[in-house]
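Engineer: My structure is stored as protein.csv, with CSV, C-alpha atoms.
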```
chain,number,residue,atom,x,y,z
A,1,MET,CA,57.1,8.7,147.5
A,2,PHE,CA,55.7,11.6,149.4
A,3,ALA,CA,53.3,14.4,148.5
A,4,TRP,CA,56.1,16.8,147.5
A,5,GLN,CA,53.8,19.4,145.9
A,6,GLU,CA,52.0,19.8,149.3
A,7,LEU,CA,55.3,20.0,151.2
A,8,LEU,CA,56.9,22.5,148.9
A,9,GLN,CA,54.1,25.0,149.1
A,10,LYS,CA,56.1,26.5,152.0
A,11,GLN,CA,59.1,28.6,151.2
A,12,PRO,CA,61.4,26.8,151.5
A,13,ALA,CA,60.6,23.3,152.8
A,14,VAL,CA,63.3,21.9,155.1
A,15,ILE,CA,63.7,18.2,155.6
A,16,THR,CA,66.2,16.3,157.7
A,17,ILE,CA,67.1,12.7,157.0
A,18,VAL,CA,68.2,10.9,160.1
A,19,GLY,CA,69.5,7.3,160.5
A,20,MET,CA,69.0,5.0,163.5
A,21,ALA,CA,72.5,3.6,163.0
A,22,LYS,CA,75.2,3.3,160.4
A,23,ASN,CA,74.5,1.5,157.1
A,24,VAL,CA,70.7,1.8,157.3
A,25,GLY,CA,70.5,3.5,153.9
A,26,LYS,CA,70.5,7.2,154.9
A,27,THR,CA,72.7,8.3,152.0
A,28,VAL,CA,70.7,6.2,149.6
A,29,THR,CA,67.5,7.8,150.9
A,30,LEU,CA,69.1,11.3,150.6
A,31,ASN,CA,70.1,10.6,147.0
A,32,TYR,CA,66.7,9.3,146.1
A,33,VAL,CA,64.9,12.2,147.6
A,34,GLN,CA,67.2,14.7,145.8
A,35,LYS,CA,66.7,13.0,142.4
A,36,THR,CA,62.9,12.8,142.8
A,37,ILE,CA,62.5,16.5,143.8
A,38,HIS,CA,65.0,17.6,141.1
A,39,LYS,CA,62.9,15.8,138.4
A,40,GLU,CA,59.9,17.9,139.5
A,41,GLY,CA,61.8,21.1,138.7
A,42,TYR,CA,62.6,22.4,142.2
A,43,VAL,CA,65.9,24.0,143.1
A,44,LEU,CA,67.5,21.9,145.9
A,45,GLY,CA,69.7,23.0,148.8
A,46,LEU,CA,71.9,20.5,150.6
A,47,THR,CA,73.8,20.6,153.9
A,48,SER,CA,74.6,18.5,156.9
A,49,ILE,CA,74.9,18.6,160.7
A,50,GLY,CA,78.5,17.8,161.2
A,51,ARG,CA,80.4,15.7,158.8
A,52,ASP,CA,79.0,12.8,156.8
A,53,GLY,CA,79.4,11.2,153.4
A,54,GLU,CA,82.7,9.3,154.0
A,55,THR,CA,84.1,7.2,151.2
A,56,PHE,CA,84.7,4.3,153.5
A,57,ASP,CA,82.7,3.3,156.6
A,58,ALA,CA,84.7,4.0,159.7
A,59,LEU,CA,83.5,0.8,161.4
A,60,THR,CA,83.6,-1.8,158.6
A,61,ASN,CA,86.1,-0.2,156.2
A,62,LEU,CA,83.7,-1.0,153.3
A,63,GLU,CA,83.1,1.5,150.6
A,64,LYS,CA,79.9,3.6,151.2
A,65,PRO,CA,77.6,5.1,148.6
A,66,GLY,CA,78.5,8.7,148.0
A,67,ILE,CA,76.2,11.7,148.2
A,68,VAL,CA,75.4,12.6,144.6
A,69,VAL,CA,74.2,16.1,143.8
A,70,GLN,CA,72.1,17.0,140.8
A,71,PRO,CA,72.9,19.9,138.4
A,72,GLY,CA,71.9,23.2,139.9
A,73,THR,CA,71.9,21.9,143.5
A,74,ILE,CA,73.1,24.5,146.0
A,75,VAL,CA,75.4,22.9,148.6
A,76,ALA,CA,76.8,24.2,151.9
A,77,THR,CA,79.9,22.4,153.0
A,78,ALA,CA,83.3,23.1,154.5
A,79,GLU,CA,85.9,24.5,152.1
A,80,LYS,CA,88.4,21.6,152.5
A,81,MET,CA,85.8,19.2,151.2
A,82,ILE,CA,85.9,20.6,147.7
A,83,VAL,CA,88.6,18.8,145.6
A,84,ASP,CA,87.8,20.0,142.1
A,85,ASN,CA,86.6,23.6,142.0
A,86,SER,CA,85.9,23.4,138.3
A,87,VAL,CA,82.7,21.5,138.8
A,88,TRP,CA,81.2,24.1,141.1
A,89,ASP,CA,80.2,27.8,141.0
A,90,CYS,CA,81.2,29.4,144.3
A,91,LEU,CA,78.3,31.6,145.5
A,92,GLN,CA,79.4,32.7,149.0
A,93,VAL,CA,82.0,32.2,151.6
A,94,THR,CA,80.4,32.4,155.1
A,95,ASN,CA,82.0,33.2,158.4
A,96,ILE,CA,80.8,29.9,159.9
A,97,LEU,CA,83.8,27.8,160.9
A,98,THR,CA,84.1,24.0,161.1
A,99,PRO,CA,87.2,21.9,161.9
A,100,LEU,CA,87.5,21.6,158.0
A,101,GLY,CA,87.4,25.3,157.3
A,102,LYS,CA,84.7,27.9,156.6
A,103,VAL,CA,81.4,26.8,155.2
A,104,ILE,CA,81.0,27.8,151.6
A,105,ILE,CA,77.9,27.9,149.4
A,106,LEU,CA,78.3,26.3,146.0
A,107,ARG,CA,76.1,25.5,143.0
A,108,ALA,CA,76.8,22.2,141.2
A,109,LYS,CA,77.5,22.6,137.4
A,110,ALA,CA,76.7,18.9,136.7
A,111,ILE,CA,76.0,15.6,138.5
A,112,ASN,CA,78.7,15.3,141.1
A,113,LYS,CA,79.7,13.7,144.3
A,114,VAL,CA,80.2,15.6,147.5
A,115,VAL,CA,81.3,15.1,151.1
A,116,LEU,CA,79.2,17.2,153.4
A,117,ALA,CA,80.8,18.9,156.4
A,118,GLY,CA,78.4,21.4,157.9
A,119,PRO,CA,78.2,23.1,161.3
A,120,SER,CA,77.3,21.2,164.4
A,121,LYS,CA,75.5,24.0,166.3
A,122,ASN,CA,71.9,24.4,165.5
A,123,SER,CA,72.2,28.2,165.4
A,124,ASP,CA,74.8,27.9,162.7
A,125,VAL,CA,72.7,25.4,160.8
A,126,LYS,CA,69.8,27.9,160.8
A,127,ASP,CA,72.1,30.6,159.4
A,128,ILE,CA,73.1,28.2,156.6
A,129,LEU,CA,69.5,27.5,155.8
A,130,THR,CA,68.9,31.2,155.4
A,131,CYS,CA,71.8,31.4,153.0
A,132,LEU,CA,70.6,28.5,150.9
A,133,ALA,CA,67.1,30.0,150.7
A,134,LYS,CA,68.6,33.3,149.7
A,135,TRP,CA,70.4,31.6,146.7
A,136,GLY,CA,67.1,30.2,145.5
A,137,ALA,CA,66.7,26.8,147.2
A,138,ARG,CA,63.1,25.8,147.3
A,139,CYS,CA,63.6,22.6,149.2
A,140,ILE,CA,66.5,22.1,151.6
A,141,LEU,CA,67.7,18.6,152.7
A,142,ILE,CA,69.8,18.3,155.8
A,143,ASP,CA,71.9,15.1,156.2
A,144,GLY,CA,71.6,14.3,159.9
A,145,ALA,CA,74.5,12.8,161.7
A,146,PHE,CA,74.7,9.0,162.2
A,147,ASP,CA,72.7,7.8,165.2
A,148,ARG,CA,72.3,11.4,166.4
A,149,GLN,CA,68.6,11.7,167.1
A,150,SER,CA,69.2,15.4,168.0
A,151,SER,CA,69.6,16.0,164.2
A,152,ALA,CA,65.8,15.9,164.1
A,153,ASP,CA,65.5,19.0,166.3
A,154,PRO,CA,62.4,20.8,165.0
A,155,LEU,CA,63.9,24.2,165.7
A,156,VAL,CA,66.0,23.4,162.7
A,157,SER,CA,63.6,21.3,160.6
A,158,ARG,CA,60.2,20.2,161.6
A,159,GLN,CA,60.0,17.6,158.8
A,160,VAL,CA,62.0,14.4,159.2
A,161,ILE,CA,62.6,11.2,157.2
A,162,LEU,CA,63.9,8.3,159.4
A,163,ALA,CA,66.1,5.5,158.0
A,164,CYS,CA,66.4,2.1,159.7
A,165,GLY,CA,67.6,-1.3,158.7
A,166,ALA,CA,69.1,-4.6,159.5
A,167,THR,CA,72.2,-3.1,161.2
A,168,VAL,CA,69.9,-1.9,164.0
A,169,SER,CA,69.0,-5.5,164.9
A,170,ARG,CA,69.3,-8.9,163.2
A,171,ASP,CA,66.0,-10.0,164.8
A,172,LEU,CA,62.9,-8.8,162.9
A,173,ALA,CA,60.6,-8.5,165.9
A,174,GLU,CA,63.2,-6.6,167.8
A,175,LEU,CA,63.9,-4.3,164.9
A,176,ILE,CA,60.2,-3.5,164.5
A,177,LEU,CA,59.8,-2.8,168.2
A,178,MET,CA,63.0,-0.6,168.4
A,179,THR,CA,61.8,1.4,165.3
A,180,LYS,CA,58.3,1.8,166.7
A,181,SER,CA,59.6,3.0,170.0
A,182,ARG,CA,61.9,5.6,168.3
A,183,ILE,CA,59.1,6.8,166.1
A,184,GLU,CA,56.8,7.2,169.1
A,185,GLN,CA,59.4,9.3,170.8
A,186,LEU,CA,60.1,11.5,167.8
A,187,THR,CA,56.3,12.1,167.3
A,188,LEU,CA,55.2,12.9,170.8
A,189,PRO,CA,52.1,15.2,170.8
A,190,ALA,CA,52.3,18.9,171.5
A,191,CYS,CA,51.4,20.3,174.9
A,192,ASP,CA,48.8,23.1,175.3
A,193,GLY,CA,49.5,26.8,175.1
A,194,PHE,CA,49.6,27.2,178.9
A,195,TYR,CA,52.7,25.0,179.2
A,196,GLN,CA,54.2,26.5,176.1
A,197,ASN,CA,54.1,29.9,177.7
A,198,LEU,CA,55.9,28.6,180.8
A,199,PHE,CA,58.7,27.2,178.7
A,200,GLU,CA,59.3,30.8,177.3
A,201,LYS,CA,58.8,32.6,180.6
A,202,TYR,CA,61.1,30.5,182.9
A,203,GLN,CA,64.8,29.7,182.4
A,204,ALA,CA,65.2,26.7,184.7
A,205,LYS,CA,66.2,23.3,183.3
A,206,VAL,CA,63.4,21.6,185.3
A,207,MET,CA,60.2,23.0,186.6
A,208,THR,CA,57.2,21.5,188.4
A,209,VAL,CA,53.7,22.9,188.0
A,210,LYS,CA,50.8,22.5,190.5
A,211,ALA,CA,47.5,24.3,190.0
A,212,GLY,CA,49.2,26.8,187.7
A,213,ILE,CA,52.0,27.6,190.2
A,214,VAL,CA,55.5,27.0,189.0
A,215,ARG,CA,58.5,25.9,191.0
A,216,GLU,CA,61.9,26.0,189.4
A,217,VAL,CA,64.1,23.1,190.4
A,218,SER,CA,67.7,24.1,191.1
A,219,VAL,CA,69.7,21.8,188.8
A,220,HIS,CA,72.3,22.4,186.1
A,221,THR,CA,71.1,19.6,183.8
A,222,ALA,CA,68.1,17.5,183.2
A,223,LEU,CA,70.3,14.4,183.0
A,224,MET,CA,69.8,13.5,186.7
A,225,SER,CA,70.1,10.2,188.4
A,226,PRO,CA,67.0,8.1,189.2
A,227,SER,CA,67.3,9.1,192.9
A,228,GLU,CA,67.4,12.8,192.0
A,229,TRP,CA,64.4,12.4,189.7
A,230,HIS,CA,62.6,10.4,192.4
A,231,LYS,CA,62.9,13.5,194.7
A,232,VAL,CA,61.3,15.7,192.1
A,233,LEU,CA,58.6,13.2,191.3
A,234,ASN,CA,57.7,12.9,195.0
A,235,GLU,CA,56.5,16.5,194.9
A,236,ASP,CA,52.7,16.9,194.5
A,237,CYS,CA,52.5,18.4,191.0
A,238,ASP,CA,50.5,18.2,187.8
A,239,ALA,CA,53.3,18.4,185.3
A,240,ILE,CA,57.1,18.5,185.1
A,241,LEU,CA,58.7,20.7,182.3
A,242,ILE,CA,62.2,19.7,181.2
A,243,LYS,CA,64.6,21.7,179.1
A,244,GLY,CA,67.3,19.3,177.7
A,245,ALA,CA,67.6,15.6,177.1
A,246,VAL,CA,65.9,12.9,179.1
A,247,SER,CA,67.2,9.4,179.4
A,248,ASP,CA,66.6,6.0,181.1
A,249,SER,CA,67.2,7.6,184.6
A,250,LEU,CA,63.9,9.5,184.3
A,251,ALA,CA,62.1,6.5,182.9
A,252,GLN,CA,63.4,4.3,185.8
A,253,ALA,CA,62.2,6.9,188.4
A,254,LEU,CA,58.8,7.2,186.7
A,255,LEU,CA,58.3,3.5,186.8
A,256,ARG,CA,58.9,3.4,190.5
A,257,GLN,CA,56.0,5.9,191.1
A,258,SER,CA,52.5,4.8,191.8
A,259,GLY,CA,51.1,8.0,190.2
A,260,THR,CA,53.0,10.2,187.8
A,261,PRO,CA,52.6,13.8,186.5
A,262,LEU,CA,52.5,14.8,182.9
A,263,ILE,CA,56.1,15.0,181.5
A,264,ILE,CA,56.8,17.8,179.0
A,265,VAL,CA,60.1,18.0,177.0
A,266,GLN,CA,61.2,20.5,174.3
A,267,ASP,CA,60.8,18.0,171.5
A,268,GLY,CA,61.0,14.3,170.6
A,269,SER,CA,64.6,14.5,169.6
A,270,LYS,CA,65.5,15.1,173.2
A,271,VAL,CA,64.1,11.7,174.3
A,272,PHE,CA,66.8,9.0,174.7
A,273,ILE,CA,65.0,6.1,176.5
A,274,THR,CA,65.8,2.6,175.5
A,275,THR,CA,63.2,0.3,174.0
A,276,THR,CA,62.5,-1.9,177.0
A,277,LEU,CA,61.9,1.1,179.4
A,278,TRP,CA,59.9,2.9,176.7
A,279,ARG,CA,57.5,0.0,176.3
A,280,GLN,CA,57.1,-0.2,180.1
A,281,LEU,CA,56.2,3.5,180.2
A,282,ARG,CA,53.7,3.0,177.4
A,283,ALA,CA,52.2,0.0,179.2
A,284,ARG,CA,51.7,2.2,182.3
A,285,SER,CA,50.1,5.0,180.2
A,286,ILE,CA,52.7,7.4,181.5
A,287,GLN,CA,52.2,10.5,179.4
A,288,LEU,CA,54.9,12.5,177.7
A,289,MET,CA,54.3,15.6,175.5
A,290,VAL,CA,56.5,18.2,173.8
A,291,LEU,CA,56.8,21.9,173.3
A,292,ASN,CA,57.7,21.6,169.6
A,293,PRO,CA,56.3,18.6,167.7
A,294,ILE,CA,58.1,16.8,164.8
A,295,CYS,CA,56.5,16.0,161.5
A,296,LEU,CA,57.8,12.5,160.5
A,297,LEU,CA,57.2,12.1,156.8
A,298,GLY,CA,58.0,8.5,156.6
A,299,LEU,CA,60.4,5.6,157.2
A,300,THR,CA,62.9,4.1,154.8
A,301,ILE,CA,64.2,0.6,155.3
A,302,ASN,CA,67.4,-1.3,154.3
A,303,PRO,CA,67.0,-5.1,154.7
A,304,THR,CA,70.7,-5.7,154.3
A,305,TYR,CA,73.8,-5.2,156.4
A,306,PRO,CA,77.5,-5.2,155.5
A,307,GLY,CA,78.8,-8.7,154.9
A,308,GLY,CA,75.4,-10.4,155.5
A,309,LYS,CA,72.2,-11.3,153.9
A,310,GLY,CA,69.8,-9.5,156.3
A,311,PHE,CA,66.0,-9.8,155.9
A,312,ASP,CA,63.8,-10.7,153.0
A,313,ALA,CA,63.0,-7.3,151.6
A,314,GLU,CA,59.3,-7.9,151.0
A,315,VAL,CA,58.8,-9.5,154.4
A,316,LEU,CA,60.5,-6.5,156.1
A,317,LEU,CA,58.4,-4.0,154.1
A,318,GLN,CA,55.1,-5.8,154.9
A,319,GLU,CA,55.8,-6.4,158.6
A,320,MET,CA,57.2,-2.9,159.3
A,321,GLY,CA,54.4,-1.3,157.3
A,322,LYS,CA,51.7,-3.2,159.3
A,323,ALA,CA,53.3,-2.2,162.6
A,324,LEU,CA,53.7,1.5,161.7
A,325,ALA,CA,50.6,2.2,159.6
A,326,PRO,CA,49.5,4.7,158.6
A,327,LEU,CA,53.1,6.1,158.5
A,328,PRO,CA,54.6,5.5,154.9
A,329,VAL,CA,57.3,2.8,154.9
A,330,ILE,CA,59.5,2.8,151.8
A,331,ASP,CA,62.1,0.4,150.4
A,332,ILE,CA,64.1,2.9,148.4
A,333,MET,CA,66.2,0.3,146.4
A,334,ARG,CA,63.0,-1.4,145.1
A,335,GLU,CA,61.0,1.8,145.1
A,336,ALA,CA,58.3,-0.1,146.9
A,337,LYS,CA,56.0,1.5,149.5
A,338,TYR,CA,53.6,0.0,152.1
```
Translate this structure into structure tokens?
Structural biologist:
Amino acid sequence: MFAWQELLQKQPAVITIVGMAKNVGKTVTLNYVQKTIHKEGYVLGLTSIGRDGETFDALTNLEKPGIVVQPGTIVATAEKMIVDNSVWDCLQVTNILTPLGKVIILRAKAINKVVLAGPSKNSDVKDILTCLAKWGARCILIDGAFDRQSSADPLVSRQVILACGATVSRDLAELILMTKSRIEQLTLPACDGFYQNLFEKYQAKVMTVKAGIVREVSVHTALMSPSEWHKVLNEDCDAILIKGAVSDSLAQALLRQSGTPLIIVQDGSKVFITTTLWRQLRARSIQLMVLNPICLLGLTINPTYPGGKGFDAEVLLQEMGKALAPLPVIDIMREAKY
């Protein structure tokens, strides 16, 4: 599916799998990637951001596919998630707490199902990654929380696989447009070194830059109203640096301006702008860049949704593939790739 040999040259490779909504095939993707890498002889590590892998979907009450671990896989999950200790070797009990107990490090003795409940703080997730690597994991997969784009934070994992499907939209054209917009946000280009240094040097949530001179804006959060952003944008500046999430309010303020500065955010997982406003920003050539770029390895698609037929699988693959080329688009269930 992907060039695993190239990815796994780094020690270890860390890949996050993120879904655009529930029931888009994120767990199926996770299981497929695990099985594929395991067949190639690599020791896998597995954890999650928050809890995932429920037996029944919280919205539909339908049974969900479980997370299946391969023999020898090293898993980090909360201690209360382990029902049968006989199928695991306990390697380590960490001091990282979750609502379901301490995170423990286990090695699967055989093929087994697991419910993942990892830490929600990125700093704790990074500590877990260190533990998994210490116990020999060559490739670590992170199960990103449902519809939580921040799971793709490159400070945790710079490599991401995105899962989408018919539950995002029942209209094919809209689904493609929504997916394309999300991918454009996740893969925003990196800013140059000058602005990277400013991010490290200054602590303010919002900064304006004019001819190399920085002004720190006195705000507690980057989630300001359109009118508050309008005041910042009215300043004569070359760029605005933002620490934290940006939403539709910034987009609305940008679209009201006749001329706009360069907008630089920490990474693409911090951009939460709806498809309509995002397309308008693109049409106006309003430029956004990031401090930390994300490497999107590919997109997996699920043509079905619970209780419904969904899309023709081959039509979805072909249309999504054409729209997103050269990004790999994969139908996991059919093992078909555009």
Engineer: Which residues are close to A:Ala313, i.e. within 10 Å by all atoms listed in the file, leaving aside same-chain residues fewer than 2 positions away? Reply as JSON, numbers by chain.
Structural biologist: {"A": [301, 302, 303, 304, 310, 311, 315, 316, 317, 318, 331, 333, 334, 336]}
Engineer: Point out the residue among A:Val43, A:Val83, A:Pro99, A:Gln252 with the least atom-to-atom distance to A:Lys134, counting all atoms listed in the file.
Structural biologist: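 Among the listed residues, A:Val43 lies closest to A:Lys134.
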Engineer: Find the residue from A:Met178, A:Leu291, A:Leu296, A:Ile142 that sits nearest to A:Pro328; use only C-alpha atoms when measuring.
Structural biologist: A:Leu296
Engineer: As an exercise, work out the distance from atom CA of A:Ser249 to atom CA of A:Ile294 in Å and give it to one decimal place.
Structural biologist: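 Taking atom CA of A:Ser249 and atom CA of A:Ile294, their separation equals 23.7 Å.
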Engineer: Kindly indicate which residue among A:Thr187, A:Ala13, A:Lys126, A:Ala239 lies nearest to A:Ala211, using all atoms listed in the file for the distances.
Structural biologist: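 Nearest candidate to A:Ala211 out of A:Thr187, A:Ala13, A:Lys126, A:Ala239: A:Ala239.
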Engineer: How far is it from atom CA of A:Ala117 to atom CA of A:Thr221, in Å with one decimal?
Structural biologist: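 Distance between the two atoms: 29.1 Å.
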Engineer: Counting all atoms listed in the file, which residues come within 10 Å of (60.9, 6.5, 144.3), with the point read in the file's coordinates, and could you list them as a ChimeraX atom specification?
Structural biologist: /A:1-2,29,32-33,35-36,330-337
Engineer: What does the distance from atom CA of A:Gly19 to atom CA of A:Val160 come to in Å, to one decimal?
Structural biologist: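 Separation of atom CA of A:Gly19 and atom CA of A:Val160: 10.4 Å.
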Engineer: Which of these, A:Ile183, A:Ala166, A:Leu233, A:Ala251, has the shortest distance to A:Gly307 once you count all atoms listed in the file?
Structural biologist: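 The closest residue to A:Gly307 is A:Ala166.
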Engineer: Kindly indicate which residue among A:Arg182, A:Lys243, A:Lys270, A:Lys201 lies nearest to A:Val219, using all atoms listed in the file for the distances.
Structural biologist: A:Lys243
Engineer: Within 12 Å of (71.3, 15.3, 146.2) in the file's own coordinates, which protein, DNA or RNA residues have an atom, counting all atoms listed in the file? List them as a short mmCIF file (atom, residue, chain, number, x, y, z; two decimals) with C-alpha atoms, in the frame of the given file.
Structural biologist:
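Final file, selection-v2.cif:
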```
data_model
loop_
_atom_site.label_atom_id
_atom_site.label_comp_id
_atom_site.auth_asym_id
_atom_site.auth_seq_id
_atom_site.Cartn_x
_atom_site.Cartn_y
_atom_site.Cartn_z
CA ILE A 17 67.10 12.70 157.00
CA LYS A 26 70.50 7.20 154.90
CA THR A 27 72.70 8.30 152.00
CA VAL A 28 70.70 6.20 149.60
CA THR A 29 67.50 7.80 150.90
CA LEU A 30 69.10 11.30 150.60
CA ASN A 31 70.10 10.60 147.00
CA TYR A 32 66.70 9.30 146.10
CA VAL A 33 64.90 12.20 147.60
CA GLN A 34 67.20 14.70 145.80
CA LYS A 35 66.70 13.00 142.40
CA THR A 36 62.90 12.80 142.80
CA ILE A 37 62.50 16.50 143.80
CA HIS A 38 65.00 17.60 141.10
CA LYS A 39 62.90 15.80 138.40
CA TYR A 42 62.60 22.40 142.20
CA VAL A 43 65.90 24.00 143.10
CA LEU A 44 67.50 21.90 145.90
CA GLY A 45 69.70 23.00 148.80
CA LEU A 46 71.90 20.50 150.60
CA THR A 47 73.80 20.60 153.90
CA SER A 48 74.60 18.50 156.90
CA GLY A 53 79.40 11.20 153.40
CA GLY A 66 78.50 8.70 148.00
CA ILE A 67 76.20 11.70 148.20
CA VAL A 68 75.40 12.60 144.60
CA VAL A 69 74.20 16.10 143.80
CA GLN A 70 72.10 17.00 140.80
CA PRO A 71 72.90 19.90 138.40
CA GLY A 72 71.90 23.20 139.90
CA THR A 73 71.90 21.90 143.50
CA ILE A 74 73.10 24.50 146.00
CA VAL A 75 75.40 22.90 148.60
CA ALA A 76 76.80 24.20 151.90
CA ARG A 107 76.10 25.50 143.00
CA ALA A 108 76.80 22.20 141.20
CA ALA A 110 76.70 18.90 136.70
CA ILE A 111 76.00 15.60 138.50
CA ASN A 112 78.70 15.30 141.10
CA LYS A 113 79.70 13.70 144.30
CA VAL A 114 80.20 15.60 147.50
CA VAL A 115 81.30 15.10 151.10
CA LEU A 116 79.20 17.20 153.40
CA CYS A 139 63.60 22.60 149.20
CA ILE A 140 66.50 22.10 151.60
CA LEU A 141 67.70 18.60 152.70
CA ILE A 142 69.80 18.30 155.80
CA ASP A 143 71.90 15.10 156.20
#
```
Engineer: Considering all atoms listed in the file, can you say which of A:Thr77, A:Thr260, A:Thr167, A:Ser86 comes closest to A:Gly118?
Structural biologist: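 Of the candidates, the smallest distance to A:Gly118 is held by A:Thr77.
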Engineer: Would you mind listing what lies within 10 Å of A:Leu198 as a compact mmCIF listing (two decimals) with C-alpha atoms, keeping the file's coordinate frame, with only C-alpha atoms counted and same-chain residues fewer than 6 positions away left out?
Structural biologist:
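The new file around.txt reads:
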```txt
# COMPACT_ATOMS: atom_id res chain seq x y z
CA MET A 207 60.20 23.00 186.60
CA VAL A 209 53.70 22.90 188.00
CA GLY A 212 49.20 26.80 187.70
CA VAL A 214 55.50 27.00 189.00
CA LEU A 241 58.70 20.70 182.30
```
